[in-house]
Amino acid sequence: MTDLMPETAFFAALEDARQPKHGGAHPFSRAWANGELSREQLGAWATQHFYYIDAVPQPFGHLFCRYPDLDARRHLLENLLGEENPDTPEKRHPDLLLKFAEACGRPRAQLLTAEERGEILPSTRAMRAWIWELTGFRHLAEASAGIMVALEGQLPTLYPKYVEAMHRMGFNDDELEFFHVHIEGDEEHADIGLQLTARYATTPELQARAIAAVRASAEMRWQLLDGIAGATLARQAA
């Protein structure tokens with residue numbers, strides 16, 4: 001890449017970069033959307049996902065401190081407050097996931113002690129570490145693209161299919177609140193992520209690095225699902 005891409009073309013390139021490993025195409029996601037997973041298997045997903053997201057407010061706080069622009073910080077602060085919900089702690093996103101896990105038959109204590117009992121998969125650890133790398137060490141263009149565009153940008157297309165399948169399984173909307181709040185919020189986060197990525201990707205090299213960060217984040221989520229599928233679907237087949 002030798003010239004700075006126009007914004008429209010850059011946005012298209014960012015969104016295209018997540019498509020080859022978009023989580024919706026993963027066999028685990030397809031099985032989920034088709035209603036082929038049991039509550040036990042969904043609980044196994046929740047255990048891994050909880051370990052991944054429970055620490056997210058901390059790296060987000062680090063990224064908040066790195067953003068030089070007030071509107072960028074305000075956006076991330078809104079995102080961070082959504083994760084932590086200090087006014088209504090029971091609505092904190094990780095706690096909503098604990099509620100879902102309980103509906104799957106997994107006590108919250110089991111998720112809270114999963115690491116000590118050796119249940120956290122290497123691919124889950126890698127996903128959590130990648131978020132720390134993006135927010136703490138990568139360029140702001142890479143961080144904005146890798147988190148908001150690549151990861152948050154997938155959820156509005158993933159979670160509605162999951163919710164539809166889980167309704168058929170008998171879950172109610174209170175038990176599925178974790179998914180609903182992400183469907184409602186992450187489409188906006190992804191759009192803002194595109195704008196922030198374009199703001200900080202001021203050279204052709206930084207544009208290329210931002211696109212690569214989207215691709216890497218999508219691959220990391222795919223690997224996360226690979227690990228969960230290997231621990232659940234393969235066991236079911238055996």
# chains A, B, ... in the order shown; residues from 1 in each chain; ligands from 1

$ residues_around --residues "segment 164-178 of chain A" --least-positions-apart "3" --cutoff "8 Å" --atoms "only C-alpha atoms" --output "PDB file with C-alpha atoms, in the first residue's frame"
ATOM      1  CA  TRP A  32     -25.493 -22.954  18.185  1.00  0.00           C
ATOM      2  CA  ALA A  33     -27.600 -21.048  15.657  1.00  0.00           C
ATOM      3  CA  ASN A  34     -29.152 -24.319  14.451  1.00  0.00           C
ATOM      4  CA  GLY A  35     -30.188 -25.273  17.984  1.00  0.00           C
ATOM      5  CA  HIS A  93     -21.822  -7.655  31.789  1.00  0.00           C
ATOM      6  CA  LEU A  96     -25.151 -11.143  33.223  1.00  0.00           C
ATOM      7  CA  LEU A  97     -23.035 -13.933  31.768  1.00  0.00           C
ATOM      8  CA  LYS A  99     -26.763 -15.488  35.166  1.00  0.00           C
ATOM      9  CA  PHE A 100     -26.834 -17.152  31.758  1.00  0.00           C
ATOM     10  CA  ALA A 103     -29.580 -21.025  33.444  1.00  0.00           C
ATOM     11  CA  PRO A 160     -29.570 -12.616  17.256  1.00  0.00           C
ATOM     12  CA  LYS A 161     -29.231 -16.109  15.761  1.00  0.00           C
ATOM     13  CA  VAL A 181     -27.348  -5.825  25.723  1.00  0.00           C
ATOM     14  CA  HIS A 182     -24.628  -6.628  23.197  1.00  0.00           C
TER      15      HIS A 182
END

$ residues_around --residues "Phe64 of chain A" --least-positions-apart "6" --cutoff "10 Å" --atoms "only C-alpha atoms" --output "JSON list (two decimals) with N, CA and C atoms, in the first residue's frame"
[["chain", "number", "residue", "atom", "x", "y", "z"],
["A", 58, "GLN", "N", -10.43, -3.71, 32.68],
["A", 58, "GLN", "CA", -9.09, -3.22, 33.01],
["A", 58, "GLN", "C", -8.30, -2.80, 31.77],
["A", 70, "LEU", "N", -10.97, 13.79, 23.43],
["A", 70, "LEU", "CA", -12.03, 13.74, 24.43],
["A", 70, "LEU", "C", -13.19, 12.87, 23.96],
["A", 72, "ALA", "N", -13.20, 10.40, 21.91],
["A", 72, "ALA", "CA", -12.80, 8.99, 21.93],
["A", 72, "ALA", "C", -12.84, 8.45, 23.36],
["A", 73, "ARG", "N", -12.33, 9.24, 24.30],
["A", 73, "ARG", "CA", -12.35, 8.82, 25.70],
["A", 73, "ARG", "C", -13.78, 8.69, 26.20],
["A", 74, "ARG", "N", -14.64, 9.63, 25.80],
["A", 74, "ARG", "CA", -16.04, 9.55, 26.24],
["A", 74, "ARG", "C", -16.71, 8.29, 25.70],
["A", 75, "HIS", "N", -16.41, 7.95, 24.46],
["A", 75, "HIS", "CA", -17.00, 6.73, 23.92],
["A", 75, "HIS", "C", -16.53, 5.51, 24.69],
["A", 76, "LEU", "N", -15.22, 5.44, 24.93],
["A", 76, "LEU", "CA", -14.71, 4.28, 25.63],
["A", 76, "LEU", "C", -15.20, 4.25, 27.07],
["A", 77, "LEU", "N", -15.35, 5.42, 27.68],
["A", 77, "LEU", "CA", -15.88, 5.47, 29.04],
["A", 77, "LEU", "C", -17.31, 4.93, 29.08],
["A", 80, "LEU", "N", -16.97, 1.31, 28.86],
["A", 80, "LEU", "CA", -16.44, 0.79, 30.12],
["A", 80, "LEU", "C", -17.52, 0.77, 31.20],
["A", 135, "THR", "N", -4.79, -3.14, 23.63],
["A", 135, "THR", "CA", -5.09, -1.91, 24.37],
["A", 135, "THR", "C", -3.85, -1.27, 24.99]]

$ atom_distance --atom1 "atom CA of Asp87 of chain A" --atom2 "atom CA of Leu112 of chain A"
22.3 Å

$ residues_around --residues "segment 198-207 of chain A" --least-positions-apart "4" --cutoff "9 Å" --atoms "only C-alpha atoms" --output "list of chain:residue names"
A:Met1, A:Thr2, A:Asp3, A:Leu4, A:Met5, A:Glu7, A:Phe10, A:Phe11, A:Leu14, A:His139, A:Leu140, A:Ala141, A:Glu142, A:Ser144, A:Gly193, A:Leu194, A:Ile211, A:Ala212

$ write_last_selection --atoms "C-alpha atoms" --output "CSV table (one decimal), in the first residue's frame"
chain,number,residue,atom,x,y,z
A,1,MET,CA,0.0,0.0,0.0
A,2,THR,CA,1.6,3.2,-1.2
A,3,ASP,CA,-1.2,5.8,-0.9
A,4,LEU,CA,-3.6,6.6,1.8
A,5,MET,CA,-6.9,4.8,1.1
A,7,GLU,CA,-12.2,6.6,3.9
A,10,PHE,CA,-10.7,1.9,4.1
A,11,PHE,CA,-13.9,1.1,5.9
A,14,LEU,CA,-11.5,-3.2,7.5
A,139,HIS,CA,-1.0,1.7,17.9
A,140,LEU,CA,-4.4,3.3,18.6
A,141,ALA,CA,-5.4,2.6,15.0
A,142,GLU,CA,-4.8,-1.1,15.6
A,144,SER,CA,-9.6,0.7,17.7
A,193,GLY,CA,-14.6,2.1,15.9
A,194,LEU,CA,-14.5,2.7,12.1
A,211,ILE,CA,-6.5,-4.0,8.7
A,212,ALA,CA,-4.1,-6.6,9.9

$ residues_around --residues "Trp222 of chain A" --least-positions-apart "2" --cutoff "8 Å" --atoms "only C-alpha atoms" --output "ChimeraX atom specification"
/A:21-23,26,218-220,224-226

$ closest_residue --among "A:Val214, A:Gly24, A:Thr47, A:Ala9" --to "Thr113 of chain A" --atoms "only C-alpha atoms"
A:Thr47

$ residues_around --residues "Glu83 of chain A" --least-positions-apart "4" --cutoff "7 Å" --atoms "only C-alpha atoms" --output "PyMOL selection string"
chain A and resi 57+79+92-93

$ closest_residue --among "A:Ser38, A:Ser217, A:Thr88, A:Gln19" --to "Leu151 of chain A" --atoms "only C-alpha atoms"
A:Ser217

$ select_by_dssp --residues "segment 35-177 of chain A" --states "alpha helix (DSSP H)" --output "MDAnalysis selection string"
chainID A and resid 39:54 57:66 70:84 93:103 108:112 122:136 140:144 155:169 177

$ write_last_selection --atoms "C-alpha atoms" --output "PDB file, in the first residue's frame"
ATOM      1  CA  ARG A  39     -27.402 -26.432  27.843  1.00  0.00           C
ATOM      2  CA  GLU A  40     -24.329 -28.211  29.149  1.00  0.00           C
ATOM      3  CA  GLN A  41     -22.358 -27.220  26.034  1.00  0.00           C
ATOM      4  CA  LEU A  42     -23.570 -23.630  26.266  1.00  0.00           C
ATOM      5  CA  GLY A  43     -22.451 -23.622  29.887  1.00  0.00           C
ATOM      6  CA  ALA A  44     -18.998 -24.746  28.763  1.00  0.00           C
ATOM      7  CA  TRP A  45     -18.913 -21.794  26.348  1.00  0.00           C
ATOM      8  CA  ALA A  46     -20.000 -19.464  29.148  1.00  0.00           C
ATOM      9  CA  THR A  47     -17.160 -20.674  31.381  1.00  0.00           C
ATOM     10  CA  GLN A  48     -14.536 -19.824  28.765  1.00  0.00           C
ATOM     11  CA  HIS A  49     -16.185 -16.590  27.699  1.00  0.00           C
ATOM     12  CA  PHE A  50     -16.469 -15.408  31.287  1.00  0.00           C
ATOM     13  CA  TYR A  51     -12.726 -15.809  31.809  1.00  0.00           C
ATOM     14  CA  TYR A  52     -12.141 -13.806  28.615  1.00  0.00           C
ATOM     15  CA  ILE A  53     -14.480 -10.884  29.390  1.00  0.00           C
ATOM     16  CA  ASP A  54     -14.310 -10.617  33.168  1.00  0.00           C
ATOM     17  CA  PRO A  57     -12.730  -3.400  31.942  1.00  0.00           C
ATOM     18  CA  GLN A  58      -9.089  -3.224  33.010  1.00  0.00           C
ATOM     19  CA  PRO A  59      -7.512  -3.157  29.526  1.00  0.00           C
ATOM     20  CA  PHE A  60     -10.340  -0.857  28.393  1.00  0.00           C
ATOM     21  CA  GLY A  61      -9.356   1.484  31.221  1.00  0.00           C
ATOM     22  CA  HIS A  62      -5.786   1.407  29.926  1.00  0.00           C
ATOM     23  CA  LEU A  63      -6.948   2.282  26.416  1.00  0.00           C
ATOM     24  CA  PHE A  64      -9.087   5.099  27.840  1.00  0.00           C
ATOM     25  CA  CYS A  65      -5.928   6.669  29.251  1.00  0.00           C
ATOM     26  CA  ARG A  66      -4.129   6.388  25.914  1.00  0.00           C
ATOM     27  CA  LEU A  70     -12.032  13.740  24.428  1.00  0.00           C
ATOM     28  CA  ASP A  71     -14.766  12.229  22.261  1.00  0.00           C
ATOM     29  CA  ALA A  72     -12.799   8.985  21.929  1.00  0.00           C
ATOM     30  CA  ARG A  73     -12.354   8.817  25.699  1.00  0.00           C
ATOM     31  CA  ARG A  74     -16.036   9.552  26.237  1.00  0.00           C
ATOM     32  CA  HIS A  75     -17.000   6.731  23.917  1.00  0.00           C
ATOM     33  CA  LEU A  76     -14.708   4.281  25.630  1.00  0.00           C
ATOM     34  CA  LEU A  77     -15.876   5.467  29.039  1.00  0.00           C
ATOM     35  CA  GLU A  78     -19.466   4.771  28.001  1.00  0.00           C
ATOM     36  CA  ASN A  79     -18.355   1.324  26.882  1.00  0.00           C
ATOM     37  CA  LEU A  80     -16.442   0.786  30.117  1.00  0.00           C
ATOM     38  CA  LEU A  81     -19.378   1.887  32.281  1.00  0.00           C
ATOM     39  CA  GLY A  82     -21.572  -0.529  30.349  1.00  0.00           C
ATOM     40  CA  GLU A  83     -19.200  -3.321  31.295  1.00  0.00           C
ATOM     41  CA  GLU A  84     -18.976  -2.379  34.986  1.00  0.00           C
ATOM     42  CA  HIS A  93     -21.822  -7.655  31.789  1.00  0.00           C
ATOM     43  CA  PRO A  94     -19.797 -10.477  33.374  1.00  0.00           C
ATOM     44  CA  ASP A  95     -22.554 -10.885  35.976  1.00  0.00           C
ATOM     45  CA  LEU A  96     -25.151 -11.143  33.223  1.00  0.00           C
ATOM     46  CA  LEU A  97     -23.035 -13.933  31.768  1.00  0.00           C
ATOM     47  CA  LEU A  98     -22.964 -15.639  35.171  1.00  0.00           C
ATOM     48  CA  LYS A  99     -26.763 -15.488  35.166  1.00  0.00           C
ATOM     49  CA  PHE A 100     -26.834 -17.152  31.758  1.00  0.00           C
ATOM     50  CA  ALA A 101     -24.422 -19.844  32.942  1.00  0.00           C
ATOM     51  CA  GLU A 102     -26.692 -20.602  35.879  1.00  0.00           C
ATOM     52  CA  ALA A 103     -29.580 -21.025  33.444  1.00  0.00           C
ATOM     53  CA  ARG A 108     -21.545 -19.135  39.306  1.00  0.00           C
ATOM     54  CA  ALA A 109     -18.968 -20.495  41.752  1.00  0.00           C
ATOM     55  CA  GLN A 110     -17.884 -22.937  39.066  1.00  0.00           C
ATOM     56  CA  LEU A 111     -17.107 -20.092  36.653  1.00  0.00           C
ATOM     57  CA  LEU A 112     -15.420 -17.989  39.313  1.00  0.00           C
ATOM     58  CA  PRO A 122      -5.018 -22.130  26.223  1.00  0.00           C
ATOM     59  CA  SER A 123      -6.981 -20.541  23.365  1.00  0.00           C
ATOM     60  CA  THR A 124      -9.109 -18.654  25.902  1.00  0.00           C
ATOM     61  CA  ARG A 125      -5.999 -17.378  27.658  1.00  0.00           C
ATOM     62  CA  ALA A 126      -4.609 -16.277  24.299  1.00  0.00           C
ATOM     63  CA  MET A 127      -7.776 -14.306  23.497  1.00  0.00           C
ATOM     64  CA  ARG A 128      -7.623 -12.494  26.830  1.00  0.00           C
ATOM     65  CA  ALA A 129      -3.917 -11.741  26.365  1.00  0.00           C
ATOM     66  CA  TRP A 130      -4.569 -10.386  22.861  1.00  0.00           C
ATOM     67  CA  ILE A 131      -6.960  -7.781  24.280  1.00  0.00           C
ATOM     68  CA  TRP A 132      -4.238  -6.637  26.682  1.00  0.00           C
ATOM     69  CA  GLU A 133      -1.760  -6.419  23.804  1.00  0.00           C
ATOM     70  CA  LEU A 134      -4.115  -4.367  21.660  1.00  0.00           C
ATOM     71  CA  THR A 135      -5.090  -1.909  24.366  1.00  0.00           C
ATOM     72  CA  GLY A 136      -1.720  -1.568  26.037  1.00  0.00           C
ATOM     73  CA  LEU A 140      -4.354   3.334  18.586  1.00  0.00           C
ATOM     74  CA  ALA A 141      -5.441   2.569  15.023  1.00  0.00           C
ATOM     75  CA  GLU A 142      -4.786  -1.132  15.644  1.00  0.00           C
ATOM     76  CA  ALA A 143      -6.508  -1.082  19.035  1.00  0.00           C
ATOM     77  CA  SER A 144      -9.619   0.653  17.700  1.00  0.00           C
ATOM     78  CA  LEU A 155     -21.810  -9.556  17.720  1.00  0.00           C
ATOM     79  CA  PRO A 156     -24.882  -7.845  16.178  1.00  0.00           C
ATOM     80  CA  THR A 157     -24.818 -10.507  13.444  1.00  0.00           C
ATOM     81  CA  LEU A 158     -23.942 -13.433  15.752  1.00  0.00           C
ATOM     82  CA  TYR A 159     -26.077 -13.013  18.823  1.00  0.00           C
ATOM     83  CA  PRO A 160     -29.570 -12.616  17.256  1.00  0.00           C
ATOM     84  CA  LYS A 161     -29.231 -16.109  15.761  1.00  0.00           C
ATOM     85  CA  TYR A 162     -28.078 -17.489  19.095  1.00  0.00           C
ATOM     86  CA  VAL A 163     -31.008 -15.860  20.894  1.00  0.00           C
ATOM     87  CA  GLU A 164     -33.525 -17.231  18.422  1.00  0.00           C
ATOM     88  CA  ALA A 165     -32.145 -20.746  18.896  1.00  0.00           C
ATOM     89  CA  MET A 166     -32.108 -20.428  22.685  1.00  0.00           C
ATOM     90  CA  HIS A 167     -35.682 -19.196  22.764  1.00  0.00           C
ATOM     91  CA  ARG A 168     -36.625 -22.467  21.060  1.00  0.00           C
ATOM     92  CA  MET A 169     -34.710 -24.294  23.803  1.00  0.00           C
ATOM     93  CA  GLU A 177     -29.945 -10.475  28.944  1.00  0.00           C
TER      94      GLU A 177
END

$ atom_distance --atom1 "atom CA of Gly118 of chain A" --atom2 "atom CA of Arg106 of chain A"
16.0 Å

$ atom_distance --atom1 "atom CA of Ala25 of chain A" --atom2 "atom CA of Leu121 of chain A"
21.1 Å
